[in-house]
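Undergrad: One file is attached below, run34.pdb, containing PDB, C-alpha atoms.
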ATOM      1  CA  MET A1349       0.000   0.000   0.000
ATOM      2  CA  LYS A1350       2.882   2.392   0.790
ATOM      3  CA  ARG A1351       4.366   1.856  -2.653
ATOM      4  CA  ILE A1352       1.015   2.601  -4.325
ATOM      5  CA  LEU A1353       0.738   5.797  -2.231
ATOM      6  CA  CYS A1354       4.181   7.012  -3.349
ATOM      7  CA  LEU A1355       3.552   6.147  -6.988
ATOM      8  CA  VAL A1356       0.216   7.871  -7.409
ATOM      9  CA  SER A1357       1.179  10.885  -5.260
ATOM     10  CA  ILE A1358       4.217  11.850  -7.327
ATOM     11  CA  LEU A1359       2.760  10.958 -10.698
ATOM     12  CA  ILE A1360      -0.162  13.319 -10.039
ATOM     13  CA  LEU A1361       2.375  16.166 -10.031
ATOM     14  CA  LEU A1362       3.639  15.367 -13.535
ATOM     15  CA  THR A1363       2.316  17.229 -16.559
ATOM     16  CA  GLN A1364       1.747  15.785 -19.115
ATOM     17  CA  PHE A1365      -7.169  -1.720 -40.365
ATOM     18  CA  SER A1366      -8.435  -3.973 -40.934
ATOM     19  CA  ASN A1367      -8.029  -7.730 -40.138
ATOM     20  CA  CYS A1368      -5.674  -8.275 -43.063
ATOM     21  CA  GLN A1369      -3.161  -5.682 -41.916
ATOM     22  CA  SER A1370       0.165  -6.988 -40.657
ATOM     23  CA  PRO A1371       1.266  -6.210 -37.066
ATOM     24  CA  ALA A1372       4.016  -3.960 -38.448
ATOM     25  CA  ALA A1373       1.477  -1.938 -40.442
ATOM     26  CA  ASP A1374      -0.813  -1.649 -37.434
ATOM     27  CA  ILE A1375       2.006  -0.502 -35.154
ATOM     28  CA  GLN A1376       2.665   2.445 -37.494
ATOM     29  CA  ASN A1377      -0.747   3.730 -36.405
ATOM     30  CA  ASN A1378       0.047   4.826 -32.870
ATOM     31  CA  ASP A1379      -3.583   5.273 -31.843
ATOM     32  CA  PRO A1380      -5.563   2.359 -33.313
ATOM     33  CA  VAL A1381      -9.332   2.728 -32.976
ATOM     34  CA  ILE A1382     -12.284   0.371 -32.726
ATOM     35  CA  ASP A1383     -15.886   1.546 -32.679
ATOM     36  CA  ASN A1384     -18.910  -0.716 -32.220
ATOM     37  CA  GLY A1385     -21.516   2.005 -32.737
ATOM     38  CA  ILE A1386     -21.895   2.440 -28.962
ATOM     39  CA  LEU A1387     -18.357   3.134 -27.751
ATOM     40  CA  THR A1388     -15.102   4.288 -29.350
ATOM     41  CA  LEU A1389     -11.836   2.912 -27.946
ATOM     42  CA  LYS A1390      -8.187   3.803 -28.545
ATOM     43  CA  VAL A1391      -4.942   2.406 -27.133
ATOM     44  CA  ASP A1392      -1.623   4.242 -27.330
ATOM     45  CA  LEU A1393       1.132   2.222 -28.986
ATOM     46  CA  THR A1394       3.711   4.807 -27.949
ATOM     47  CA  ARG A1395       2.827   3.979 -24.344
ATOM     48  CA  GLY A1396       2.803   0.211 -24.211
ATOM     49  CA  GLY A1397      -0.698  -0.081 -25.609
ATOM     50  CA  ALA A1398      -2.328   1.443 -22.517
ATOM     51  CA  ILE A1399      -5.980   2.452 -22.872
ATOM     52  CA  SER A1400      -5.903   6.133 -23.739
ATOM     53  CA  TYR A1401      -9.390   6.994 -25.027
ATOM     54  CA  LEU A1402     -12.933   5.811 -24.382
ATOM     55  CA  SER A1403     -15.987   7.752 -25.514
ATOM     56  CA  LEU A1404     -19.524   7.344 -26.731
ATOM     57  CA  SER A1405     -19.526   6.552 -30.442
ATOM     58  CA  GLY A1406     -19.688   9.796 -32.423
ATOM     59  CA  SER A1407     -18.491  11.882 -29.478
ATOM     60  CA  GLU A1408     -15.077  13.517 -29.175
ATOM     61  CA  ARG A1409     -15.211  13.534 -25.358
ATOM     62  CA  SER A1410     -13.073  10.802 -23.800
ATOM     63  CA  VAL A1411     -13.732   9.830 -20.170
ATOM     64  CA  VAL A1412     -10.121   8.636 -19.609
ATOM     65  CA  ASN A1413      -7.680  11.129 -18.119
ATOM     66  CA  ILE A1414      -4.277  11.179 -19.877
ATOM     67  CA  ALA A1415      -2.697  14.300 -18.388
ATOM     68  CA  ASP A1416       0.567  12.522 -17.482
ATOM     69  CA  GLU A1417       2.348   9.196 -17.753
ATOM     70  CA  GLY A1418       0.776   7.884 -14.566
ATOM     71  CA  ARG A1419      -2.815   8.177 -15.796
ATOM     72  CA  TYR A1420      -4.460   6.181 -18.619
ATOM     73  CA  ILE A1421      -5.734   2.674 -17.827
ATOM     74  CA  GLN A1422      -2.671   0.462 -17.615
ATOM     75  CA  GLN A1423      -0.982  -2.525 -16.020
ATOM     76  CA  SER A1424       1.394  -2.120 -13.077
ATOM     77  CA  TYR A1425       2.561  -4.801 -10.651
ATOM     78  CA  TYR A1426       4.728  -5.142  -7.555
ATOM     79  CA  ALA A1427       6.982  -8.044  -6.599
ATOM     80  CA  GLY A1428       9.743  -8.695  -4.099
ATOM     81  CA  LYS A1429      11.103  -6.364  -1.449
ATOM     82  CA  SER A1430      11.945  -2.682  -1.697
ATOM     83  CA  ILE A1431      15.664  -2.008  -2.122
ATOM     84  CA  ASP A1432      17.983   0.990  -2.559
ATOM     85  CA  ARG A1433      19.495   0.931  -6.059
ATOM     86  CA  LYS A1434      20.529   4.572  -6.381
ATOM     87  CA  ALA A1435      24.094   3.437  -7.149
ATOM     88  CA  ASP A1436      22.661   1.675 -10.217
ATOM     89  CA  GLY A1437      20.771   4.750 -11.415
ATOM     90  CA  GLN A1438      17.555   4.359  -9.446
ATOM     91  CA  SER A1439      15.561   7.567  -9.154
ATOM     92  CA  PRO A1440      16.083   9.096  -5.676
ATOM     93  CA  SER A1441      12.341   9.848  -5.662
ATOM     94  CA  TRP A1442      11.639   6.132  -5.942
ATOM     95  CA  SER A1443      14.147   4.640  -3.545
ATOM     96  CA  PRO A1444      13.926   2.147  -1.990
ATOM     97  CA  TRP A1445      11.582   0.409  -4.448
ATOM     98  CA  SER A1446      10.457  -3.093  -5.365
ATOM     99  CA  TRP A1447      10.417  -4.760  -8.770
ATOM    100  CA  ASN A1448       7.690  -2.737 -10.487
ATOM    101  CA  PRO A1449       6.997  -3.284 -14.209
ATOM    102  CA  ILE A1450       4.909  -0.507 -15.781
ATOM    103  CA  GLN A1451       3.059  -0.744 -19.088
ATOM    104  CA  VAL A1452       3.539   2.855 -20.232
ATOM    105  CA  GLY A1453       7.175   3.440 -19.245
ATOM    106  CA  ASP A1454       9.487   4.470 -16.396
ATOM    107  CA  ALA A1455       9.911   7.502 -14.136
ATOM    108  CA  PHE A1456      12.512   8.851 -16.596
ATOM    109  CA  ARG A1457       9.877   8.738 -19.378
ATOM    110  CA  ASN A1458      11.431   5.901 -21.335
ATOM    111  CA  ARG A1459       8.625   3.942 -23.008
ATOM    112  CA  ALA A1460       7.751   0.268 -23.170
ATOM    113  CA  GLN A1461       8.672  -1.656 -26.327
ATOM    114  CA  ILE A1462       5.783  -3.034 -28.382
ATOM    115  CA  LEU A1463       6.391  -6.644 -29.415
ATOM    116  CA  ASP A1464       3.106  -7.396 -31.145
ATOM    117  CA  PHE A1465      -0.187  -5.792 -32.029
ATOM    118  CA  LYS A1466      -3.305  -7.129 -33.705
ATOM    119  CA  LYS A1467      -6.628  -5.550 -34.519
ATOM    120  CA  THR A1468      -9.928  -7.266 -35.264
ATOM    121  CA  LYS A1469     -13.385  -5.770 -35.581
ATOM    122  CA  ASN A1470     -14.068  -5.413 -31.864
ATOM    123  CA  GLU A1471     -10.734  -6.259 -30.207
ATOM    124  CA  LEU A1472      -7.252  -4.791 -29.866
ATOM    125  CA  TYR A1473      -4.376  -7.013 -28.741
ATOM    126  CA  VAL A1474      -1.010  -5.691 -27.636
ATOM    127  CA  LYS A1475       2.146  -7.261 -26.220
ATOM    128  CA  CYS A1476       4.984  -5.214 -24.779
ATOM    129  CA  ILE A1477       8.125  -5.323 -22.676
ATOM    130  CA  PRO A1478       7.315  -3.105 -19.676
ATOM    131  CA  MET A1479       9.801  -0.807 -17.975
ATOM    132  CA  GLN A1480      10.921  -0.934 -14.352
ATOM    133  CA  TRP A1481       9.379   2.209 -12.942
ATOM    134  CA  ASP A1482      12.195   3.380 -10.664
ATOM    135  CA  MET A1483      15.128   2.630 -12.996
ATOM    136  CA  ASN A1484      16.410   4.652 -15.952
ATOM    137  CA  ASN A1485      15.701   2.800 -19.194
ATOM    138  CA  GLN A1486      15.758  -0.689 -17.693
ATOM    139  CA  PRO A1487      13.257  -3.063 -19.330
ATOM    140  CA  ALA A1488      11.657  -5.533 -16.953
ATOM    141  CA  GLU A1489      12.315  -9.242 -17.375
ATOM    142  CA  ALA A1490       8.690  -9.757 -18.308
ATOM    143  CA  GLU A1491       6.079  -9.309 -21.001
ATOM    144  CA  MET A1492       2.639  -7.776 -20.671
ATOM    145  CA  GLU A1493      -0.273  -8.722 -22.894
ATOM    146  CA  GLN A1494      -3.645  -7.015 -23.133
ATOM    147  CA  TRP A1495      -6.808  -8.077 -24.949
ATOM    148  CA  THR A1496      -9.294  -5.193 -25.081
ATOM    149  CA  THR A1497     -12.760  -6.006 -26.423
ATOM    150  CA  LEU A1498     -15.858  -3.867 -26.959
ATOM    151  CA  GLU A1499     -19.085  -5.678 -26.050
ATOM    152  CA  GLY A1500     -21.937  -3.199 -26.306
ATOM    153  CA  SER A1501     -21.455  -0.575 -23.583
ATOM    154  CA  VAL A1502     -18.848  -2.739 -21.840
ATOM    155  CA  LEU A1503     -15.095  -2.751 -22.335
ATOM    156  CA  LYS A1504     -13.774  -6.201 -21.408
ATOM    157  CA  VAL A1505     -10.051  -6.344 -20.691
ATOM    158  CA  ARG A1506      -7.865  -9.396 -20.134
ATOM    159  CA  ASN A1507      -4.386  -8.695 -18.809
ATOM    160  CA  ARG A1508      -1.484 -11.117 -18.594
ATOM    161  CA  LEU A1509       1.942 -10.691 -17.018
ATOM    162  CA  THR A1510       4.638 -13.267 -17.809
ATOM    163  CA  CYS A1511       7.655 -13.020 -15.498
ATOM    164  CA  HIS A1512      11.060 -14.589 -16.121
ATOM    165  CA  ARG A1513      13.266 -12.738 -13.664
ATOM    166  CA  THR A1514      16.884 -13.716 -13.173
ATOM    167  CA  ASP A1515      17.724 -11.128 -10.512
ATOM    168  CA  GLN A1516      18.914 -12.158  -7.059
ATOM    169  CA  ILE A1517      18.204  -8.853  -5.334
ATOM    170  CA  TYR A1518      14.460  -8.479  -4.828
ATOM    171  CA  GLY A1519      13.692 -11.855  -3.298
ATOM    172  CA  ASP A1520      10.648 -13.969  -3.986
ATOM    173  CA  SER A1521       7.393 -15.172  -2.403
ATOM    174  CA  ILE A1522       6.494 -11.743  -1.009
ATOM    175  CA  LEU A1523       2.851 -10.675  -0.785
ATOM    176  CA  ASN A1524       2.101  -7.245  -2.281
ATOM    177  CA  ASP A1525      -0.951  -5.130  -2.978
ATOM    178  CA  GLN A1526      -1.748  -5.079  -6.694
ATOM    179  CA  GLU A1527      -3.898  -2.522  -8.528
ATOM    180  CA  LEU A1528      -6.029  -4.604 -10.889
ATOM    181  CA  PRO A1529      -5.886  -2.162 -12.633
ATOM    182  CA  ALA A1530      -5.446   1.560 -11.916
ATOM    183  CA  VAL A1531      -8.130   3.570 -13.734
ATOM    184  CA  TYR A1532      -8.278   7.349 -14.131
ATOM    185  CA  PRO A1533     -11.705   8.691 -15.128
ATOM    186  CA  ILE A1534     -12.021  12.405 -15.864
ATOM    187  CA  SER A1535     -12.795  14.512 -12.783
ATOM    188  CA  ALA A1536     -16.011  15.775 -14.396
ATOM    189  CA  LEU A1537     -17.247  12.381 -13.191
ATOM    190  CA  LYS A1538     -17.092  13.467  -9.564
ATOM    191  CA  ASN A1539     -19.733  11.445  -7.681
ATOM    192  CA  LEU A1540     -18.679   8.064  -6.286
ATOM    193  CA  TYR A1541     -21.074   5.119  -5.963
ATOM    194  CA  THR A1542     -20.668   1.505  -4.921
ATOM    195  CA  TYR A1543     -22.199  -1.142  -2.682
ATOM    196  CA  THR A1544     -20.482  -2.087   0.602
ATOM    197  CA  ASP A1545     -23.230  -3.740   2.644
ATOM    198  CA  LYS A1546     -24.128  -7.336   3.477
ATOM    199  CA  THR A1547     -26.723  -8.246   0.831
ATOM    200  CA  PRO A1548     -24.916  -7.919  -2.522
ATOM    201  CA  PHE A1549     -26.636  -8.525  -5.852
ATOM    202  CA  THR A1550     -30.111  -7.864  -4.414
ATOM    203  CA  ASN A1551     -30.541  -4.296  -5.763
ATOM    204  CA  ALA A1552     -30.259  -2.972  -2.232
ATOM    205  CA  PRO A1553     -29.668   0.808  -1.960
ATOM    206  CA  LEU A1554     -26.243   1.933  -3.130
ATOM    207  CA  ASN A1555     -23.632   3.704  -1.053
ATOM    208  CA  ASN A1556     -22.551   7.211  -2.091
ATOM    209  CA  PRO A1557     -19.363   7.845  -0.080
ATOM    210  CA  VAL A1558     -17.789  11.262   0.251
ATOM    211  CA  VAL A1559     -14.966  11.505  -2.281
ATOM    212  CA  VAL A1560     -11.531  11.460  -0.637
ATOM    213  CA  TYR A1561      -9.007  13.888  -2.130
ATOM    214  CA  LEU A1562      -5.410  12.794  -2.595
ATOM    215  CA  SER A1563      -4.280  16.024  -0.935
ATOM    216  CA  SER A1564      -5.545  14.546   2.339
ATOM    217  CA  GLY A1565      -2.693  12.039   2.236
ATOM    218  CA  PHE A1566      -4.082   9.093   0.313
ATOM    219  CA  TRP A1567      -7.015   7.870  -1.718
ATOM    220  CA  GLY A1568     -10.115   6.537  -0.015
ATOM    221  CA  ILE A1569      -9.806   2.884   1.033
ATOM    222  CA  TYR A1570     -12.898   0.669   0.732
ATOM    223  CA  PRO A1571     -12.309  -2.850   2.141
ATOM    224  CA  ASN A1572     -15.809  -4.277   1.682
ATOM    225  CA  VAL A1573     -16.960  -3.630  -1.873
ATOM    226  CA  THR A1574     -19.217  -6.654  -1.884
ATOM    227  CA  GLU A1575     -20.501  -6.259  -5.458
ATOM    228  CA  HIS A1576     -16.913  -5.829  -6.729
ATOM    229  CA  TRP A1577     -17.475  -2.538  -8.559
ATOM    230  CA  MET A1578     -17.254   1.236  -8.129
ATOM    231  CA  ALA A1579     -18.342   4.067 -10.403
ATOM    232  CA  PHE A1580     -17.716   7.765 -10.854
ATOM    233  CA  VAL A1581     -20.682   9.578 -12.407
ATOM    234  CA  ASP A1582     -21.707  13.154 -13.165
ATOM    235  CA  GLU A1583     -24.687  15.134 -11.855
ATOM    236  CA  ASN A1584     -26.957  13.187 -14.224
ATOM    237  CA  LEU A1585     -25.667   9.904 -12.735
ATOM    238  CA  TRP A1586     -23.901   8.998 -15.998
ATOM    239  CA  GLY A1587     -20.302   7.872 -16.144
ATOM    240  CA  MET A1588     -17.823   5.029 -15.787
ATOM    241  CA  GLY A1589     -17.931   1.895 -13.645
ATOM    242  CA  ILE A1590     -15.086  -0.561 -12.943
ATOM    243  CA  TYR A1591     -15.890  -4.198 -12.147
ATOM    244  CA  ASN A1592     -13.335  -6.815 -11.133
ATOM    245  CA  PRO A1593     -14.911 -10.015  -9.782
ATOM    246  CA  LYS A1594     -11.628 -10.953  -8.032
ATOM    247  CA  CYS A1595     -11.628  -7.875  -5.808
ATOM    248  CA  ASP A1596     -13.700  -6.747  -2.853
ATOM    249  CA  LYS A1597     -11.222  -4.037  -1.807
ATOM    250  CA  PHE A1598     -10.953  -0.810  -3.801
ATOM    251  CA  LEU A1599      -9.095   2.475  -3.729
ATOM    252  CA  ALA A1600     -10.839   5.562  -5.069
ATOM    253  CA  GLY A1601     -10.654   9.325  -4.901
ATOM    254  CA  MET A1602      -9.831  12.542  -6.691
ATOM    255  CA  ALA A1603      -6.701  14.594  -7.278
ATOM    256  CA  GLY A1604      -7.141  18.274  -7.990
ATOM    257  CA  SER A1605     -10.643  19.571  -8.516
ATOM    258  CA  PRO A1606     -13.878  18.267 -10.043
ATOM    259  CA  GLY A1607     -15.211  19.342 -13.410
ATOM    260  CA  LYS A1608     -12.132  18.687 -15.557
ATOM    261  CA  GLU A1609     -11.566  16.661 -18.727
ATOM    262  CA  ALA A1610      -9.135  14.201 -20.329
ATOM    263  CA  ALA A1611      -6.094  16.469 -20.741
ATOM    264  CA  ASP A1612      -6.479  18.378 -17.453
ATOM    265  CA  GLY A1613      -4.296  17.840 -14.396
ATOM    266  CA  SER A1614      -7.238  16.986 -12.147
ATOM    267  CA  THR A1615      -8.501  13.422 -12.224
ATOM    268  CA  SER A1616     -10.681  10.852 -10.549
ATOM    269  CA  TYR A1617      -9.223   7.453  -9.657
ATOM    270  CA  ILE A1618     -10.472   3.889  -9.085
ATOM    271  CA  ALA A1619      -8.438   0.747  -8.481
ATOM    272  CA  PRO A1620      -9.636  -2.726  -7.508
ATOM    273  CA  VAL A1621      -6.932  -4.049  -5.151
ATOM    274  CA  LYS A1622      -5.891  -7.584  -4.221
ATOM    275  CA  LYS A1623      -2.872  -8.988  -2.407
ATOM    276  CA  GLU A1624      -0.930 -11.388  -4.627
ATOM    277  CA  ILE A1625       2.500 -13.022  -4.745
ATOM    278  CA  LEU A1626       4.163 -12.615  -8.136
ATOM    279  CA  TYR A1627       6.915 -15.210  -8.264
ATOM    280  CA  LYS A1628      10.121 -14.690 -10.244
ATOM    281  CA  ASN A1629       8.881 -17.132 -12.859
ATOM    282  CA  CYS A1630       5.130 -16.971 -13.168
ATOM    283  CA  VAL A1631       2.172 -16.060 -15.326
ATOM    284  CA  TYR A1632      -0.452 -13.842 -13.714
ATOM    285  CA  GLU A1633      -3.715 -13.154 -15.519
ATOM    286  CA  TYR A1634      -6.983 -11.434 -14.670
ATOM    287  CA  GLU A1635     -10.020  -9.808 -16.287
ATOM    288  CA  TYR A1636     -11.863  -6.615 -15.509
ATOM    289  CA  TYR A1637     -14.636  -4.578 -17.101
ATOM    290  CA  VAL A1638     -15.171  -0.887 -17.797
ATOM    291  CA  ILE A1639     -18.860  -0.010 -18.144
ATOM    292  CA  ILE A1640     -20.143   3.249 -19.616
ATOM    293  CA  GLY A1641     -23.692   4.421 -18.969
ATOM    294  CA  SER A1642     -26.094   5.560 -16.294
ATOM    295  CA  LEU A1643     -25.572   4.361 -12.739
ATOM    296  CA  GLN A1644     -28.537   2.026 -13.118
ATOM    297  CA  GLU A1645     -27.137   0.666 -16.390
ATOM    298  CA  ILE A1646     -23.700   0.143 -14.836
ATOM    299  CA  ARG A1647     -25.114  -1.875 -11.967
ATOM    300  CA  SER A1648     -27.374  -3.864 -14.270
ATOM    301  CA  LYS A1649     -24.377  -4.800 -16.451
ATOM    302  CA  VAL A1650     -22.409  -5.858 -13.380
ATOM    303  CA  TYR A1651     -25.282  -8.119 -12.348
ATOM    304  CA  GLN A1652     -25.391  -9.652 -15.827
ATOM    305  CA  LEU A1653     -21.652 -10.287 -15.793
ATOM    306  CA  GLN A1654     -21.770 -11.732 -12.297
ATOM    307  CA  SER A1655     -24.648 -14.040 -13.228
ATOM    308  CA  ALA A1656     -22.847 -15.233 -16.364
ATOM    309  CA  THR A1657     -19.802 -16.331 -14.390
ATOM    310  CA  ASN A1658     -21.718 -18.172 -11.637
TER     311      ASN A1658
END
Rewrite the coordinates I just gave you, this time as structure tokens.
TA:
Amino acid sequence: MKRILCLVSILILLTQFSNCQSPAADIQNNDPVIDNGILTLKVDLTRGGAISYLSLSGSERSVVNIADEGRYIQQSYYAGKSIDRKADGQSPSWSPWSWNPIQVGDAFRNRAQILDFKKTKNELYVKCIPMQWDMNNQPAEAEMEQWTTLEGSVLKVRNRLTCHRTDQIYGDSILNDQELPAVYPISALKNLYTYTDKTPFTNAPLNNPVVVYLSSGFWGIYPNVTEHWMAFVDENLWGMGIYNPKCDKFLAGMAGSPGKEAADGSTSYIAPVKKEILYKNCVYEYEYYVIIGSLQEIRSKVYQLQSATN
């Protein structure tokens, strides 16, 4: 949890085809797009294929904040113990630090290397070599893969991390909090909703917690999100929900001020969180869902997804 606090706190201060196409041809388009008539999605191939844009079809208003390298919707993991590597070029702002592969790039703004990319009608696939966040231009001994699929008003994402570490410095078999994933909605979506009571999936009244601002010291911590989702919505109760069936603990909050858009410094934040051990040689995979719509539609979609997996 301490590492997540340091990461998000400092990053907030930063400023900012078709099926027959070959992967090489697709990669030349740095912002590939898919549109299913309901939603428009883009990933950024200059930033490890992180999700950079999500809007209603026909709209130019994205609900994903991309004001700096720490925003977007991207993979980030923690493994091993925190160590001081300043003698090896570790950023003093990120020392001591654990093994921390990042999809977009590192604290020195070196970017992940794209290994593969494919586009089909409703899905974007990307594979990259992530960067170790605290180190200057040091690729992680790992690959990240991401399958991003539009299904109506739902963005389904499957993430996979393949580790093949040879280091002897971080240790192994250490339990760490993982953001699965970190999501940055625009701060115009300023009202937080979820369900934290004892009768989940019964349409019981929702909880509307007071939004915690990062300036208070940390995001809000919600240990009993029993329906496994949270949403930020606007005054009309329309916005973005995040559902991860593996997680009943979430972080959420706001940095800056409400009412801002994709390129502004202010942002909302949601992250499903789960403690996991990422071994030196392992494959870790999970799925999550981003749902766009009214609060009622978001919850209804969560219920449909939950029912389909039970």
Undergrad: If the PyMOL selection byres ((chain A and resi 1558) around 12) is run on the structure shown, which residues does it catch, given as a PyMOL selection string?
TA: chain A and resi 1538-1542+1555-1557+1559-1561+1567-1570+1580+1600-1602
Undergrad: Just say which residues the PyMOL selection byres ((chain A and resi 1400-1413) around 10) picks in this file, as a PyMOL selection string.
TA: chain A and resi 1379+1381-1393+1395+1397-1399+1414-1416+1418-1422+1501+1503+1531-1537+1587-1588+1608-1617+1638+1640-1641
Undergrad: Could you check which of A:Glu1527, A:Asp1436, A:Thr1510, A:Ile1590 is closest to A:Asn1485, using only C-alpha atoms?
TA: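 Ranked by minimum distance to A:Asn1485, first place goes to A:Asp1436.
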Undergrad: When distances are computed from all atoms listed in the file, which of A:Phe1566, A:Trp1481, A:Tyr1651, A:Tyr1518 shows the smallest separation from A:Gly1428?
TA: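 Smallest separation from A:Gly1428 among the options: A:Tyr1518.
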Undergrad: When the PyMOL selection byres ((chain A and resi 1461) around 6) is applied to the structure above, which residues does it catch, written out as an MDAnalysis selection string?
TA: chainID A and resid 1460 1462 1476:1477
Undergrad: With a distance cut-off of 7 Å and all atoms listed in the file, select the neighbouring residues of A:Ala1488, excluding the residue or stretch itself and same-chain residues fewer than 6 positions from it, and output the selection as a PyMOL selection string.
TA: chain A and resi 1449+1477-1480
Undergrad: Report, in Å to a single decimal, how far apart atom CA of A:His1576 and atom CA of A:Asp1520 are.
TA: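 A separation of 28.9 Å between them.
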Undergrad: For A:Thr1496, work out the shell of residues within 6 Å, counting all atoms listed in the file and skipping chain neighbours fewer than 3 positions away, then give it as a ChimeraX atom specification.
TA: /A:1471-1472,1504-1505
Undergrad: Work out how far apart atom CA of A:Leu1562 and atom CA of A:Asn1507 are and give it in Å to one decimal.
TA: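 Between these atoms lies a distance of 26.9 Å.
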Undergrad: Show which residues sit within 9 Å of A:Val1650, as a ChimeraX atom specification. Count all atoms listed in the file, and ignore same-chain residues fewer than 5 positions away.
TA: /A:1575-1577,1589,1591,1637,1639,1645,1655
Undergrad: Work out how far atom CA of A:Lys1597 is from atom CA of A:Lys1622, in Å to one decimal.
TA: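 Computing the Euclidean distance for atom CA of A:Lys1622 and atom CA of A:Lys1597 yields 6.8 Å.
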Undergrad: Excluding A:Gln1438 and residues on its chain fewer than 6 positions from it, collect all residues at most 12 Å away from it, counting all atoms listed in the file, and give them as number ranges by chain.
TA: A: 1430-1432, 1444-1447, 1454-1456, 1480-1486
Undergrad: Find the residue from A:Leu1528, A:Leu1554, A:Ile1618, A:Val1474 that sits nearest to A:Tyr1632; use only C-alpha atoms when measuring.
TA: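 Closest to A:Tyr1632, using only C-alpha atoms: A:Leu1528.
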Undergrad: When distances are computed from only C-alpha atoms, which of A:Thr1544, A:Gln1526, A:Gln1451, A:Asn1458 shows the smallest separation from A:Ala1619?
TA: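 Nearest candidate to A:Ala1619 out of A:Thr1544, A:Gln1526, A:Gln1451, A:Asn1458: A:Gln1526.
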Undergrad: For A:Ser1424, which residue among A:Pro1571, A:Gly1396, A:Pro1548, A:Pro1440 is the nearest when counting all atoms listed in the file?
TA: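 Nearest to A:Ser1424: A:Gly1396.
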Undergrad: Smallest atom-to-atom distance to A:Arg1457: which of A:Tyr1473, A:Thr1394, A:Tyr1425, A:Ala1552, using all atoms listed in the file?
TA: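 When distances to A:Arg1457 are compared using all atoms listed in the file, the smallest one comes from A:Thr1394.
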Undergrad: How would you write as a PDB file with C-alpha atoms, keeping the file's coordinate frame the residues that get within 9 Å of (6.6, -9.5, -5.9) in the file's frame, counting all atoms listed in the file?
TA:
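point-v1.pdb, freshly written:
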ATOM      1  CA  TYR A1425       2.561  -4.801 -10.651  1.00  0.00           C
ATOM      2  CA  TYR A1426       4.728  -5.142  -7.555  1.00  0.00           C
ATOM      3  CA  ALA A1427       6.982  -8.044  -6.599  1.00  0.00           C
ATOM      4  CA  GLY A1428       9.743  -8.695  -4.099  1.00  0.00           C
ATOM      5  CA  LYS A1429      11.103  -6.364  -1.449  1.00  0.00           C
ATOM      6  CA  SER A1446      10.457  -3.093  -5.365  1.00  0.00           C
ATOM      7  CA  TRP A1447      10.417  -4.760  -8.770  1.00  0.00           C
ATOM      8  CA  ASN A1448       7.690  -2.737 -10.487  1.00  0.00           C
ATOM      9  CA  TYR A1518      14.460  -8.479  -4.828  1.00  0.00           C
ATOM     10  CA  GLY A1519      13.692 -11.855  -3.298  1.00  0.00           C
ATOM     11  CA  ASP A1520      10.648 -13.969  -3.986  1.00  0.00           C
ATOM     12  CA  SER A1521       7.393 -15.172  -2.403  1.00  0.00           C
ATOM     13  CA  ILE A1522       6.494 -11.743  -1.009  1.00  0.00           C
ATOM     14  CA  LEU A1523       2.851 -10.675  -0.785  1.00  0.00           C
ATOM     15  CA  ASN A1524       2.101  -7.245  -2.281  1.00  0.00           C
ATOM     16  CA  GLU A1624      -0.930 -11.388  -4.627  1.00  0.00           C
ATOM     17  CA  ILE A1625       2.500 -13.022  -4.745  1.00  0.00           C
ATOM     18  CA  LEU A1626       4.163 -12.615  -8.136  1.00  0.00           C
ATOM     19  CA  TYR A1627       6.915 -15.210  -8.264  1.00  0.00           C
ATOM     20  CA  LYS A1628      10.121 -14.690 -10.244  1.00  0.00           C
TER      21      LYS A1628
END
